[in-house]
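Enquirer: Next up, protein.cif (mmCIF, C-alpha atoms and all ligand atoms).
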```cif
data_start
#
loop_
_atom_site.label_atom_id
_atom_site.label_comp_id
_atom_site.auth_asym_id
_atom_site.auth_seq_id
_atom_site.Cartn_x
_atom_site.Cartn_y
_atom_site.Cartn_z
CA MET A 1 0.00 0.00 0.00
CA THR A 2 1.47 3.34 -1.08
CA LYS A 3 1.77 5.94 1.65
CA ARG A 4 -0.44 8.86 0.63
CA ALA A 5 0.11 12.35 2.02
CA TYR A 6 -2.67 14.34 3.65
CA ASN A 7 -2.80 16.49 0.55
CA PHE A 8 -4.35 19.94 1.01
CA ASN A 9 -2.75 21.50 -2.07
CA ALA A 10 -4.62 24.38 -3.70
CA GLY A 11 -4.19 23.13 -7.26
CA PRO A 12 -2.98 20.98 -8.84
CA ALA A 13 -4.51 19.06 -6.00
CA ALA A 14 -5.42 15.63 -4.67
CA LEU A 15 -6.97 13.14 -7.08
CA PRO A 16 -9.02 10.14 -5.97
CA LEU A 17 -6.74 7.18 -5.30
CA GLU A 18 -9.19 4.91 -7.14
CA VAL A 19 -8.83 7.09 -10.24
CA LEU A 20 -5.04 7.04 -10.08
CA ARG A 21 -5.06 3.25 -9.77
CA GLN A 22 -7.44 2.88 -12.71
CA ALA A 23 -5.24 5.16 -14.83
CA GLN A 24 -2.22 3.17 -13.76
CA GLU A 25 -3.87 -0.03 -14.85
CA GLN A 26 -4.66 1.43 -18.27
CA PHE A 27 -1.48 3.44 -18.57
CA VAL A 28 0.63 1.23 -20.84
CA ASP A 29 -2.17 -0.39 -22.78
CA TYR A 30 -5.49 1.41 -23.01
CA ASN A 31 -8.25 -1.18 -23.41
CA GLY A 32 -6.13 -3.50 -25.55
CA ALA A 33 -5.10 -0.79 -28.03
CA GLY A 34 -1.45 -1.74 -27.57
CA MET A 35 -0.61 1.81 -26.61
CA SER A 36 -1.35 4.43 -23.98
CA ILE A 37 -3.87 7.22 -24.44
CA MET A 38 -0.94 9.61 -24.86
CA GLU A 39 0.36 7.71 -27.88
CA MET A 40 -2.94 7.60 -29.70
CA SER A 41 -4.20 9.81 -32.50
CA HIS A 42 -6.77 12.27 -31.24
CA ARG A 43 -8.71 11.34 -34.38
CA SER A 44 -8.83 7.64 -33.44
CA LYS A 45 -12.09 5.90 -32.53
CA ALA A 46 -10.67 5.07 -29.11
CA PHE A 47 -9.88 8.67 -28.26
CA GLU A 48 -13.14 9.91 -29.71
CA GLY A 49 -14.81 7.55 -27.25
CA VAL A 50 -12.80 9.03 -24.37
CA ASN A 51 -13.66 12.58 -25.44
CA ASP A 52 -17.36 11.78 -25.85
CA ASN A 53 -17.46 10.04 -22.49
CA THR A 54 -15.98 13.05 -20.68
CA GLU A 55 -18.47 15.42 -22.34
CA ARG A 56 -21.39 13.09 -21.66
CA LEU A 57 -20.51 12.83 -17.97
CA VAL A 58 -20.31 16.62 -17.65
CA ARG A 59 -23.78 16.84 -19.16
CA GLU A 60 -25.16 14.08 -16.97
CA LEU A 61 -23.73 15.21 -13.63
CA PHE A 62 -24.60 18.88 -14.13
CA GLY A 63 -27.89 18.17 -15.89
CA VAL A 64 -26.77 20.47 -18.71
CA PRO A 65 -29.91 21.52 -20.60
CA ASP A 66 -30.27 21.39 -24.37
CA GLY A 67 -28.92 24.47 -26.07
CA TYR A 68 -25.61 24.47 -24.19
CA SER A 69 -22.21 23.42 -25.51
CA VAL A 70 -19.59 21.65 -23.41
CA MET A 71 -16.01 22.45 -24.39
CA LEU A 72 -12.68 21.12 -23.19
CA LEU A 73 -10.09 23.78 -23.94
CA GLN A 74 -6.49 24.68 -23.15
CA GLY A 75 -4.83 27.76 -21.68
CA GLY A 76 -6.35 27.46 -18.21
CA ALA A 77 -9.00 29.66 -16.65
CA SER A 78 -6.57 32.55 -17.18
CA THR A 79 -7.16 32.33 -20.92
CA GLN A 80 -10.90 32.45 -20.26
CA PHE A 81 -10.36 35.79 -18.51
CA ALA A 82 -9.48 37.11 -21.99
CA MET A 83 -11.68 34.90 -24.16
CA VAL A 84 -14.87 35.95 -22.39
CA PRO A 85 -14.56 39.67 -23.23
CA MET A 86 -12.92 38.97 -26.60
CA ASN A 87 -16.02 37.04 -27.64
CA LEU A 88 -18.83 38.68 -25.69
CA LEU A 89 -17.96 42.31 -25.14
CA ALA A 90 -19.07 44.18 -28.26
CA ASP A 91 -18.19 47.82 -28.80
CA GLY A 92 -20.86 50.00 -27.21
CA LYS A 93 -21.51 47.42 -24.48
CA THR A 94 -20.20 47.32 -20.93
CA ALA A 95 -18.88 44.26 -19.17
CA ALA A 96 -20.02 44.11 -15.53
CA TYR A 97 -17.77 42.41 -12.99
CA VAL A 98 -18.00 41.41 -9.35
CA ASN A 99 -14.73 42.12 -7.60
CA SER A 100 -14.57 39.49 -4.88
CA GLY A 101 -10.81 39.00 -4.54
CA SER A 102 -7.55 37.97 -6.16
CA TRP A 103 -8.98 35.93 -9.03
CA ALA A 104 -11.81 38.32 -9.84
CA LYS A 105 -9.20 41.07 -10.10
CA LYS A 106 -7.28 39.10 -12.69
CA ALA A 107 -10.44 38.60 -14.74
CA ILE A 108 -11.22 42.34 -14.52
CA LYS A 109 -7.69 43.24 -15.60
CA GLU A 110 -8.09 41.23 -18.81
CA ALA A 111 -11.54 42.60 -19.59
CA LYS A 112 -10.16 46.14 -19.32
CA LEU A 113 -7.66 45.29 -22.04
CA ILE A 114 -10.53 44.43 -24.37
CA GLY A 115 -13.31 46.94 -23.75
CA GLU A 116 -15.54 48.97 -21.44
CA THR A 117 -15.53 47.27 -18.05
CA ARG A 118 -17.31 48.23 -14.84
CA VAL A 119 -17.08 46.79 -11.33
CA VAL A 120 -20.67 46.62 -10.07
CA ALA A 121 -20.02 45.05 -6.66
CA THR A 122 -16.93 44.70 -4.53
CA SER A 123 -15.86 43.59 -1.08
CA GLU A 124 -12.47 45.25 -1.27
CA ASP A 125 -13.43 47.49 1.70
CA ALA A 126 -13.63 44.30 3.78
CA ARG A 127 -10.27 43.14 2.38
CA PHE A 128 -12.20 40.41 0.56
CA THR A 129 -13.00 38.54 3.76
CA ARG A 130 -16.53 38.15 2.44
CA MET A 131 -18.30 37.88 -0.88
CA PRO A 132 -20.00 41.10 -2.05
CA ASP A 133 -23.76 41.25 -1.49
CA LEU A 134 -25.28 40.56 -4.89
CA ALA A 135 -28.96 40.55 -3.93
CA SER A 136 -29.54 44.05 -5.29
CA VAL A 137 -26.68 44.35 -7.75
CA GLU A 138 -27.40 46.94 -10.45
CA LEU A 139 -26.24 46.33 -13.97
CA PRO A 140 -25.51 48.96 -16.62
CA ASP A 141 -28.30 49.26 -19.23
CA ASN A 142 -25.91 48.13 -21.93
CA ALA A 143 -24.40 45.25 -19.95
CA ALA A 144 -22.86 42.56 -22.16
CA TYR A 145 -22.73 40.14 -19.22
CA LEU A 146 -22.14 39.91 -15.48
CA HIS A 147 -18.99 38.04 -14.49
CA LEU A 148 -18.38 36.64 -11.03
CA THR A 149 -16.02 34.25 -9.26
CA SER A 150 -17.98 31.61 -7.38
CA ASN A 151 -15.11 30.69 -5.06
CA GLU A 152 -12.09 32.83 -4.28
CA THR A 153 -9.35 30.25 -3.88
CA ILE A 154 -6.86 32.54 -2.16
CA GLU A 155 -9.12 34.35 0.32
CA GLY A 156 -11.27 31.30 1.03
CA THR A 157 -14.68 32.82 0.28
CA GLN A 158 -17.53 31.30 -1.69
CA LEU A 159 -20.89 32.45 -2.97
CA ALA A 160 -23.71 30.50 -1.36
CA SER A 161 -26.16 31.53 -4.09
CA PHE A 162 -26.15 33.37 -7.38
CA PRO A 163 -27.92 36.56 -8.47
CA SER A 164 -30.55 36.45 -11.18
CA THR A 165 -29.55 38.69 -14.03
CA GLY A 166 -32.59 38.44 -16.29
CA ALA A 167 -31.64 38.75 -19.94
CA VAL A 168 -28.02 39.63 -19.13
CA PRO A 169 -25.86 36.49 -19.35
CA LEU A 170 -24.34 35.45 -16.03
CA ILE A 171 -20.78 34.17 -16.43
CA ALA A 172 -18.91 32.44 -13.62
CA ASP A 173 -15.32 31.45 -13.04
CA MET A 174 -15.85 28.23 -11.10
CA SER A 175 -12.24 27.06 -11.19
CA SER A 176 -12.08 26.19 -7.53
CA ASP A 177 -15.57 24.87 -6.84
CA ILE A 178 -16.74 23.33 -10.09
CA MET A 179 -18.72 20.11 -9.55
CA SER A 180 -18.58 20.54 -5.79
CA ARG A 181 -22.35 21.04 -5.50
CA PRO A 182 -25.47 20.84 -7.65
CA LEU A 183 -25.94 23.78 -9.98
CA ASP A 184 -28.75 25.13 -12.12
CA ILE A 185 -26.83 25.54 -15.37
CA ALA A 186 -29.86 27.17 -17.02
CA SER A 187 -29.37 30.30 -14.90
CA PHE A 188 -25.90 30.84 -16.38
CA GLY A 189 -24.81 32.02 -19.80
CA MET A 190 -21.42 30.44 -19.29
CA ILE A 191 -19.30 28.80 -16.64
CA TYR A 192 -15.65 27.83 -16.87
CA ALA A 193 -13.01 26.15 -14.75
CA GLY A 194 -9.47 24.87 -14.96
CA ALA A 195 -9.58 21.15 -14.19
CA GLN A 196 -6.71 20.98 -11.73
CA LYS A 197 -8.66 21.36 -8.50
CA ASN A 198 -11.91 19.45 -8.65
CA LEU A 199 -11.90 17.71 -12.02
CA GLY A 200 -8.54 16.18 -12.80
CA PRO A 201 -4.98 17.11 -13.69
CA SER A 202 -3.94 20.49 -15.09
CA GLY A 203 -3.97 21.07 -18.83
CA VAL A 204 -7.65 21.16 -19.62
CA THR A 205 -10.30 23.81 -18.99
CA LEU A 206 -14.00 23.07 -18.93
CA VAL A 207 -16.31 25.62 -20.53
CA ILE A 208 -20.09 25.26 -20.63
CA ALA A 209 -21.79 27.95 -22.68
CA ARG A 210 -25.24 28.73 -24.01
CA ASP A 211 -25.24 28.31 -27.76
CA ASP A 212 -26.40 31.84 -28.56
CA LEU A 213 -23.20 33.16 -26.91
CA LEU A 214 -20.76 31.11 -28.96
CA GLU A 215 -20.30 33.33 -31.95
CA PRO A 216 -18.05 36.32 -31.26
CA SER A 217 -19.80 39.66 -31.01
CA ARG A 218 -16.53 41.40 -31.87
CA PRO A 219 -14.71 41.25 -35.19
CA GLY A 220 -11.29 39.73 -35.68
CA VAL A 221 -11.19 37.12 -32.91
CA PRO A 222 -8.49 34.57 -33.82
CA THR A 223 -9.77 31.09 -34.65
CA MET A 224 -8.37 29.35 -31.56
CA LEU A 225 -9.86 32.01 -29.26
CA ARG A 226 -13.41 31.73 -30.61
CA TYR A 227 -15.87 29.55 -28.71
CA ASP A 228 -17.69 28.53 -31.87
CA THR A 229 -14.48 27.00 -33.26
CA HIS A 230 -14.35 24.53 -30.38
CA ALA A 231 -18.07 23.97 -29.98
CA LYS A 232 -18.46 23.05 -33.66
CA SER A 233 -15.58 20.57 -33.58
CA LYS A 234 -16.43 18.89 -30.25
CA SER A 235 -13.21 20.33 -28.81
CA LEU A 236 -11.17 18.57 -31.48
CA TYR A 237 -10.34 21.54 -33.70
CA ASN A 238 -6.68 21.02 -32.88
CA THR A 239 -4.78 18.47 -30.81
CA PRO A 240 -6.45 18.35 -27.39
CA PRO A 241 -4.72 17.61 -24.06
CA SER A 242 -5.81 14.02 -24.53
CA PHE A 243 -4.50 12.47 -21.33
CA ALA A 244 -6.01 15.23 -19.20
CA VAL A 245 -9.38 14.83 -20.95
CA TYR A 246 -9.24 11.10 -20.18
CA MET A 247 -8.40 11.75 -16.52
CA VAL A 248 -11.29 14.18 -16.17
CA GLY A 249 -13.57 11.43 -17.48
CA LEU A 250 -12.30 9.05 -14.79
CA VAL A 251 -12.81 11.67 -12.08
CA LEU A 252 -16.36 12.33 -13.28
CA GLU A 253 -17.09 8.60 -13.20
CA TRP A 254 -15.78 8.60 -9.64
CA ILE A 255 -18.10 11.49 -8.75
CA ARG A 256 -21.02 9.60 -10.25
CA GLY A 257 -20.03 6.52 -8.28
CA LYS A 258 -20.08 8.58 -5.08
CA GLY A 259 -23.70 9.46 -5.75
CA GLY A 260 -23.34 12.61 -7.85
CA LEU A 261 -23.16 16.27 -6.90
CA ALA A 262 -25.70 16.26 -4.07
CA GLU A 263 -23.70 13.62 -2.24
CA ILE A 264 -20.38 15.33 -3.06
CA ASP A 265 -21.83 18.53 -1.59
CA ARG A 266 -22.89 16.72 1.58
CA LEU A 267 -19.44 15.19 1.91
CA ASN A 268 -17.71 18.53 1.34
CA ARG A 269 -19.82 20.09 4.10
CA GLU A 270 -18.90 17.28 6.46
CA LYS A 271 -15.21 17.65 5.58
CA THR A 272 -14.93 21.40 6.03
CA GLY A 273 -17.27 21.23 9.02
CA LEU A 274 -14.58 19.31 10.88
CA ILE A 275 -12.00 22.01 10.19
CA TYR A 276 -14.25 25.01 10.78
CA ARG A 277 -15.34 23.46 14.07
CA ALA A 278 -11.70 23.10 15.07
CA ILE A 279 -11.26 26.82 14.33
CA ASP A 280 -14.47 28.00 16.01
CA GLY A 281 -13.96 25.81 19.05
CA SER A 282 -10.41 27.00 19.67
CA GLY A 283 -11.33 30.04 21.77
CA GLY A 284 -9.42 32.36 19.44
CA PHE A 285 -6.27 30.26 19.07
CA TYR A 286 -7.27 29.79 15.42
CA ARG A 287 -9.14 32.55 13.60
CA GLY A 288 -11.09 32.01 10.37
CA VAL A 289 -10.27 34.58 7.69
CA ALA A 290 -13.62 34.56 5.86
CA GLU A 291 -16.79 35.94 7.44
CA SER A 292 -19.17 33.16 8.38
CA GLY A 293 -21.73 33.69 5.57
CA SER A 294 -18.99 33.60 2.94
CA ARG A 295 -16.92 30.67 4.17
CA SER A 296 -15.68 28.44 1.39
CA LEU A 297 -16.33 24.71 1.36
CA MET A 298 -13.23 24.33 -0.80
CA ASN A 299 -10.51 26.51 0.71
CA VAL A 300 -10.50 26.93 4.48
CA THR A 301 -8.35 29.96 5.33
CA PHE A 302 -7.29 30.66 8.89
CA ARG A 303 -4.67 32.40 11.01
CA LEU A 304 -2.93 31.82 14.28
CA THR A 305 -2.11 34.53 16.79
CA SER A 306 1.36 35.24 15.34
CA GLU A 307 3.28 34.61 12.16
CA GLU A 308 5.88 32.81 14.22
CA LEU A 309 3.26 30.34 15.43
CA GLU A 310 1.97 29.93 11.88
CA LYS A 311 5.47 29.02 10.71
CA LYS A 312 5.73 26.46 13.50
CA PHE A 313 2.33 25.05 12.60
CA ILE A 314 3.39 24.56 8.99
CA GLN A 315 6.69 22.95 9.93
CA GLU A 316 5.11 20.53 12.37
CA SER A 317 2.23 19.73 10.04
CA GLU A 318 4.71 18.81 7.32
CA ARG A 319 6.51 16.49 9.70
CA ALA A 320 3.15 14.88 10.48
CA GLY A 321 2.45 14.17 6.81
CA PHE A 322 0.33 17.19 5.84
CA VAL A 323 1.05 18.97 2.56
CA GLY A 324 -0.04 22.35 1.20
CA LEU A 325 -1.27 24.11 4.34
CA LYS A 326 0.70 27.31 3.83
CA GLY A 327 -1.56 30.17 2.74
CA HIS A 328 -1.08 31.87 -0.63
CA ARG A 329 1.99 34.10 -0.64
CA ASP A 330 -0.19 37.20 -1.27
CA VAL A 331 -2.25 36.81 1.91
CA GLY A 332 -0.19 34.63 4.27
CA GLY A 333 -1.72 32.54 7.03
CA LEU A 334 -2.92 29.01 6.48
CA ARG A 335 -5.17 27.39 3.94
CA ALA A 336 -6.54 23.88 3.72
CA SER A 337 -7.92 23.15 0.26
CA THR A 338 -10.52 20.44 0.67
CA TYR A 339 -11.54 19.74 -2.91
CA ASN A 340 -13.80 16.83 -3.86
CA ALA A 341 -11.03 14.23 -3.89
CA VAL A 342 -9.60 15.13 -0.47
CA PRO A 343 -10.76 12.26 1.76
CA LEU A 344 -12.78 12.83 4.92
CA GLU A 345 -9.96 11.05 6.78
CA SER A 346 -7.49 13.79 5.77
CA CYS A 347 -9.82 16.44 7.18
CA ARG A 348 -10.35 14.47 10.37
CA ALA A 349 -6.59 14.07 10.72
CA LEU A 350 -6.13 17.81 10.24
CA ALA A 351 -8.78 18.69 12.83
CA GLU A 352 -7.03 16.34 15.29
CA PHE A 353 -3.64 17.79 14.47
CA MET A 354 -5.01 21.31 15.05
CA ALA A 355 -6.40 20.36 18.45
CA GLU A 356 -3.13 18.72 19.42
CA PHE A 357 -1.08 21.70 18.22
CA GLN A 358 -3.28 23.99 20.30
CA ARG A 359 -2.82 21.79 23.40
CA LYS A 360 0.94 22.07 23.01
CA ASN A 361 1.13 25.74 22.10
CA GLY A 362 -2.02 27.38 23.45
N1 LIG A 401 -9.70 31.35 -11.19
C1 LIG A 401 -9.61 30.79 -9.98
C2 LIG A 401 -10.76 30.97 -9.02
C3 LIG A 401 -8.49 30.04 -9.64
O1 LIG A 401 -8.40 29.48 -8.44
C4 LIG A 401 -7.44 29.88 -10.57
C5 LIG A 401 -6.23 29.04 -10.31
N2 LIG A 401 -5.81 28.93 -9.04
C6 LIG A 401 -7.56 30.51 -11.81
C7 LIG A 401 -8.70 31.22 -12.10
C8 LIG A 401 -6.48 30.42 -12.84
O2 LIG A 401 -6.51 29.17 -13.38
P1 LIG A 401 -5.41 28.64 -14.40
O3 LIG A 401 -4.17 28.45 -13.61
O4 LIG A 401 -6.02 27.37 -14.88
O5 LIG A 401 -5.25 29.66 -15.47
#
```
Kindly return the structure encoded in the file as C-alpha cells.
Expert:
Amino acid sequence: MTKRAYNFNAGPAALPLEVLRQAQEQFVDYNGAGMSIMEMSHRSKAFEGVNDNTERLVRELFGVPDGYSVMLLQGGASTQFAMVPMNLLADGKTAAYVNSGSWAKKAIKEAKLIGETRVVATSEDARFTRMPDLASVELPDNAAYLHLTSNETIEGTQLASFPSTGAVPLIADMSSDIMSRPLDIASFGMIYAGAQKNLGPSGVTLVIARDDLLEPSRPGVPTMLRYDTHAKSKSLYNTPPSFAVYMVGLVLEWIRGKGGLAEIDRLNREKTGLIYRAIDGSGGFYRGVAESGSRSLMNVTFRLTSEELEKKFIQESERAGFVGLKGHRDVGGLRASTYNAVPLESCRALAEFMAEFQRKNG
C-alpha cells in the first residue's frame, strides 16, 4: 500500500486514489489498443470515445440543458479571462464584474484590455473577507454580461447563491468549486473552470456555454480564441490535451459513483465542518479569515495569533504528513484546500492535528 500524504494543495490538488489506480492499470495499454492514451491519435475511434465520455458525464452530472455546448479547452482559466470579453464584449456594451478578490481582479484586468468594463459590486473594503452582497446588484443598461467568481481560492470565500440577471448572461469562473455542488446551469450564460482542483490534472479547462453566446460579437477574434471553433468541432479543432481529458472522465465517473453532486456537496460540508469546528472551538487560538456567511467549502483559510506560530504550525504539520497548508503568498496565514477528492480522513486528521497543536502551544 502506497503511503499517501494528507494532501491539502490548492491546485494541482489531490486526485481520488481509485482514479489514479485505474489510470495506472490502463497506462501502458489502453483497453487493448497496444498503446497508452498519450500515444494515440486524437482522431482515433478510441480517443473519440474518451472525449465523448468526458463530455457526456459533464452533461449528466450537471444536468446540462439542451442548447448548451460543453467544451474542453487549453490555456487554463486565465485564458478564459481574456476569451470571455474577446467574444462577448461588443463595442458599445459594458462588461459588468463582481470584484470578490484575487482571481476576480485578474479577470477584470483582462476585460479592461478588451473593452468597457465596470465593477458593479466589490468587497475590497472588507479586504475580501466576504463575498459582495449581490442581492440588489445593479447592472448597466448596456451590460454585455455579469462576471463573477464563485469561489475565491486565495481568500477562502464562496458564494452561497447566485444573483438572477434576467436577460443579461451570467458568467462564472468556477475554477475552484466546479462540480462541488449541484448547480442550475440554465441560470448561467457560461461557466468555466481549470480542471486541476476538482476535475482532474492540469492542462484542460471546462467551458459550458449557451449556444447563442458562442459566436463572437466582436470582429477579428483569432480562430483558436473563438468559442464557436471549439463547440463546432467537439473540442477537437486542434490536438487536445488528450490524457487530461481522459483523466477528467475518470474523475467524473468517480463522482457519479459517489452518488453525484448532491452527495459530493454533503461530503464537502462534512469535511470542512470538521476544520471550521476546530477553528471556532479553539477560543481564538485559530481565527477564520472569511466571514461566516462567505466561508468556502473548498478553501479553508485561517490564522494563528502570530506569524511565528503559523510558521511552526506549517513545519510541524509537514513532519506529520500534511502537505499544502501554507496560505497563498499574497495573503499569508494558512489554507486547507478540501476539494472533492480530499478524503474525509485527511480532514479528520487535520482537525485532530489542530487540536493537538493547540494543546501544546495554546
Ligand atoms: N480562477 C480561480 C478561481 C483560480 O483558483 C485559478 C487558479 N488557481 C484561476 C482562475 C487560474 O486558473 P489557471 O491556472 O487554470 O489559469
Enquirer: Hey, which of A:Leu159, A:Leu89, A:Ala126, A:Val204 ends up closest to ligand LIG 401 (chain A)? Count all atoms listed in the file.
Expert: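 Between A:Leu159, A:Leu89, A:Ala126, A:Val204, the residue approaching ligand LIG 401 (chain A) most closely is A:Val204.
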Enquirer: Kindly give the distance, in Å, that separates CA of Val331 (chain A) and CA of Val289 (chain A), rounded to a single decimal.
Expert: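 Those two atoms sit 10.1 Å apart.
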Enquirer: Once you count all atoms listed in the file, what closest atom pair and distance in Å to one decimal does each residue of chain A within 9 Å of ligand LIG 401 (chain A) have, with rows by chain and rising residue number, as a Markdown table?
Expert:
```
| residue | atom | partner | partner_atom | distance |
| --- | --- | --- | --- | --- |
| A:Ala10 | CA | A:LIG401 | N2 | 7.1 |
| A:Gly11 | CA | A:LIG401 | N2 | 6.3 |
| A:Pro12 | CA | A:LIG401 | N2 | 8.4 |
| A:Gln74 | CA | A:LIG401 | O4 | 8.7 |
| A:Gly75 | CA | A:LIG401 | O5 | 6.5 |
| A:Gly76 | CA | A:LIG401 | O4 | 3.3 |
| A:Ala77 | CA | A:LIG401 | O5 | 3.9 |
| A:Ser78 | CA | A:LIG401 | O5 | 3.6 |
| A:Thr79 | CA | A:LIG401 | O5 | 6.4 |
| A:Gln80 | CA | A:LIG401 | O5 | 7.9 |
| A:Phe81 | CA | A:LIG401 | C7 | 8.0 |
| A:Ser102 | CA | A:LIG401 | C2 | 8.2 |
| A:Trp103 | CA | A:LIG401 | N1 | 5.1 |
| A:Ala104 | CA | A:LIG401 | N1 | 7.4 |
| A:Lys106 | CA | A:LIG401 | C7 | 8.0 |
| A:Ala107 | CA | A:LIG401 | C7 | 8.0 |
| A:Thr149 | CA | A:LIG401 | C2 | 6.2 |
| A:Ser150 | CA | A:LIG401 | C2 | 7.4 |
| A:Asn151 | CA | A:LIG401 | C2 | 5.9 |
| A:Glu152 | CA | A:LIG401 | C2 | 5.3 |
| A:Thr153 | CA | A:LIG401 | O1 | 4.7 |
| A:Ile154 | CA | A:LIG401 | O1 | 7.2 |
| A:Asp173 | CA | A:LIG401 | N1 | 5.9 |
| A:Met174 | CA | A:LIG401 | C2 | 6.1 |
| A:Ser175 | CA | A:LIG401 | C2 | 4.7 |
| A:Ser176 | CA | A:LIG401 | O1 | 5.0 |
| A:Asp177 | CA | A:LIG401 | C2 | 8.1 |
| A:Tyr192 | CA | A:LIG401 | N1 | 8.9 |
| A:Ala193 | CA | A:LIG401 | O4 | 7.1 |
| A:Gly194 | CA | A:LIG401 | O4 | 4.3 |
| A:Ala195 | CA | A:LIG401 | O4 | 7.2 |
| A:Gln196 | CA | A:LIG401 | O4 | 7.2 |
| A:Lys197 | CA | A:LIG401 | N2 | 8.1 |
| A:Ser202 | CA | A:LIG401 | O4 | 7.2 |
| A:Gly203 | CA | A:LIG401 | O4 | 7.7 |
| A:Val204 | CA | A:LIG401 | O4 | 8.0 |
| A:Thr205 | CA | A:LIG401 | O4 | 6.9 |
```
Enquirer: Residues at most 9 Å from region 238-241 of chain A, counting all atoms listed in the file, excluding those fewer than 6 positions away in the same chain, as a PyMOL selection string?
Expert: chain A and resi 38+41-43+72-74+203-204+224+230
Enquirer: To one decimal place in Å, what is the distance between CA of Arg277 (chain A) and CA of Pro182 (chain A)?
Expert: 24.1 Å
Enquirer: Using only C-alpha atoms, which protein or nucleic acid residues come within 10 Å of Thr305 (chain A)? Drop anything in the same chain fewer than 6 positions from it, and give the result as a VMD selection string.
Expert: chain A and resid 284 to 287 333 362
Enquirer: Mind writing the picked residues with C-alpha atoms as a short mmCIF file (atom, residue, chain, number, x, y, z; two decimals), in the frame of the given file?
Expert:
```
data_model
loop_
_atom_site.label_atom_id
_atom_site.label_comp_id
_atom_site.auth_asym_id
_atom_site.auth_seq_id
_atom_site.Cartn_x
_atom_site.Cartn_y
_atom_site.Cartn_z
CA GLY A 284 -9.42 32.36 19.44
CA PHE A 285 -6.27 30.26 19.07
CA TYR A 286 -7.27 29.79 15.42
CA ARG A 287 -9.14 32.55 13.60
CA GLY A 333 -1.72 32.54 7.03
CA GLY A 362 -2.02 27.38 23.45
#
```
Enquirer: Between CA of Asn142 (chain A) and CA of Ala167 (chain A), what is the spacing in Å?
Expert: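 Computed distance, CA of Ala167 (chain A) to CA of Asn142 (chain A), equals 11.2 Å.
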Enquirer: Between A:Met179, A:Ala209, A:Ile114, A:Ala96, which is the closest to Val137 (chain A) once you count all atoms listed in the file?
Expert: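 Ranked by minimum distance to Val137 (chain A), first place goes to A:Ala96.
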Enquirer: Which residue, A:Ala82, A:Leu309, A:Met190, A:Ala121, has the smallest gap to Asp133 (chain A) when you use all atoms listed in the file?
Expert: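 That would be A:Ala121, the residue with the smallest distance to Asp133 (chain A).
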Enquirer: Between A:Ile279, A:Leu15, A:Met86, A:Ile314, which one has atoms that come closest to Pro219 (chain A), using only C-alpha atoms?
Expert: A:Met86
Enquirer: Which neighbours of Tyr68 (chain A) fall inside 8 Å, counting all atoms listed in the file, when residues of the same chain fewer than 3 positions from it are skipped, and could you give them as a PDB file with C-alpha atoms, in the coordinates of the input?
Expert:
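Printed below is result_22.pdb as written:
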```
ATOM      1  CA  VAL A  64     -26.770  20.470 -18.710  1.00  0.00           C
ATOM      2  CA  PRO A  65     -29.910  21.520 -20.600  1.00  0.00           C
ATOM      3  CA  ILE A 208     -20.090  25.260 -20.630  1.00  0.00           C
ATOM      4  CA  ALA A 209     -21.790  27.950 -22.680  1.00  0.00           C
ATOM      5  CA  ARG A 210     -25.240  28.730 -24.010  1.00  0.00           C
ATOM      6  CA  ASP A 211     -25.240  28.310 -27.760  1.00  0.00           C
TER       7      ASP A 211
END
```
Enquirer: Please complete region 223-235 of chain A with N, CA and C atoms and give it back as a PDB file, keeping the file's coordinate frame.
Expert:
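Saved result, out.pdb, follows:
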```
ATOM      1  N   THR A 223      -9.039  32.364 -34.605  1.00  0.00           N
ATOM      2  CA  THR A 223      -9.770  31.090 -34.650  1.00  0.00           C
ATOM      3  C   THR A 223      -9.719  30.316 -33.330  1.00  0.00           C
ATOM      4  N   MET A 224      -8.521  30.174 -32.773  1.00  0.00           N
ATOM      5  CA  MET A 224      -8.370  29.350 -31.560  1.00  0.00           C
ATOM      6  C   MET A 224      -9.029  30.005 -30.339  1.00  0.00           C
ATOM      7  N   LEU A 225      -9.294  31.292 -30.422  1.00  0.00           N
ATOM      8  CA  LEU A 225      -9.860  32.010 -29.260  1.00  0.00           C
ATOM      9  C   LEU A 225     -11.350  32.230 -29.390  1.00  0.00           C
ATOM     10  N   ARG A 226     -11.953  31.616 -30.414  1.00  0.00           N
ATOM     11  CA  ARG A 226     -13.410  31.730 -30.610  1.00  0.00           C
ATOM     12  C   ARG A 226     -14.080  30.496 -30.010  1.00  0.00           C
ATOM     13  N   TYR A 227     -15.152  30.700 -29.282  1.00  0.00           N
ATOM     14  CA  TYR A 227     -15.870  29.550 -28.710  1.00  0.00           C
ATOM     15  C   TYR A 227     -16.492  28.685 -29.801  1.00  0.00           C
ATOM     16  N   ASP A 228     -17.003  29.338 -30.853  1.00  0.00           N
ATOM     17  CA  ASP A 228     -17.690  28.530 -31.870  1.00  0.00           C
ATOM     18  C   ASP A 228     -16.737  27.556 -32.569  1.00  0.00           C
ATOM     19  N   THR A 229     -15.466  27.911 -32.671  1.00  0.00           N
ATOM     20  CA  THR A 229     -14.480  27.000 -33.260  1.00  0.00           C
ATOM     21  C   THR A 229     -14.506  25.655 -32.514  1.00  0.00           C
ATOM     22  N   HIS A 230     -14.465  25.744 -31.194  1.00  0.00           N
ATOM     23  CA  HIS A 230     -14.350  24.530 -30.380  1.00  0.00           C
ATOM     24  C   HIS A 230     -15.682  23.812 -30.227  1.00  0.00           C
ATOM     25  N   ALA A 231     -16.749  24.593 -30.139  1.00  0.00           N
ATOM     26  CA  ALA A 231     -18.070  23.970 -29.980  1.00  0.00           C
ATOM     27  C   ALA A 231     -18.423  23.163 -31.238  1.00  0.00           C
ATOM     28  N   LYS A 232     -18.117  23.732 -32.403  1.00  0.00           N
ATOM     29  CA  LYS A 232     -18.460  23.050 -33.660  1.00  0.00           C
ATOM     30  C   LYS A 232     -17.659  21.772 -33.849  1.00  0.00           C
ATOM     31  N   SER A 233     -16.447  21.721 -33.315  1.00  0.00           N
ATOM     32  CA  SER A 233     -15.580  20.570 -33.580  1.00  0.00           C
ATOM     33  C   SER A 233     -15.482  19.631 -32.385  1.00  0.00           C
ATOM     34  N   LYS A 234     -16.430  19.734 -31.454  1.00  0.00           N
ATOM     35  CA  LYS A 234     -16.430  18.890 -30.250  1.00  0.00           C
ATOM     36  C   LYS A 234     -15.071  18.929 -29.543  1.00  0.00           C
ATOM     37  N   SER A 235     -14.509  20.100 -29.472  1.00  0.00           N
ATOM     38  CA  SER A 235     -13.210  20.330 -28.810  1.00  0.00           C
ATOM     39  C   SER A 235     -12.061  19.598 -29.486  1.00  0.00           C
TER      40      SER A 235
END
```
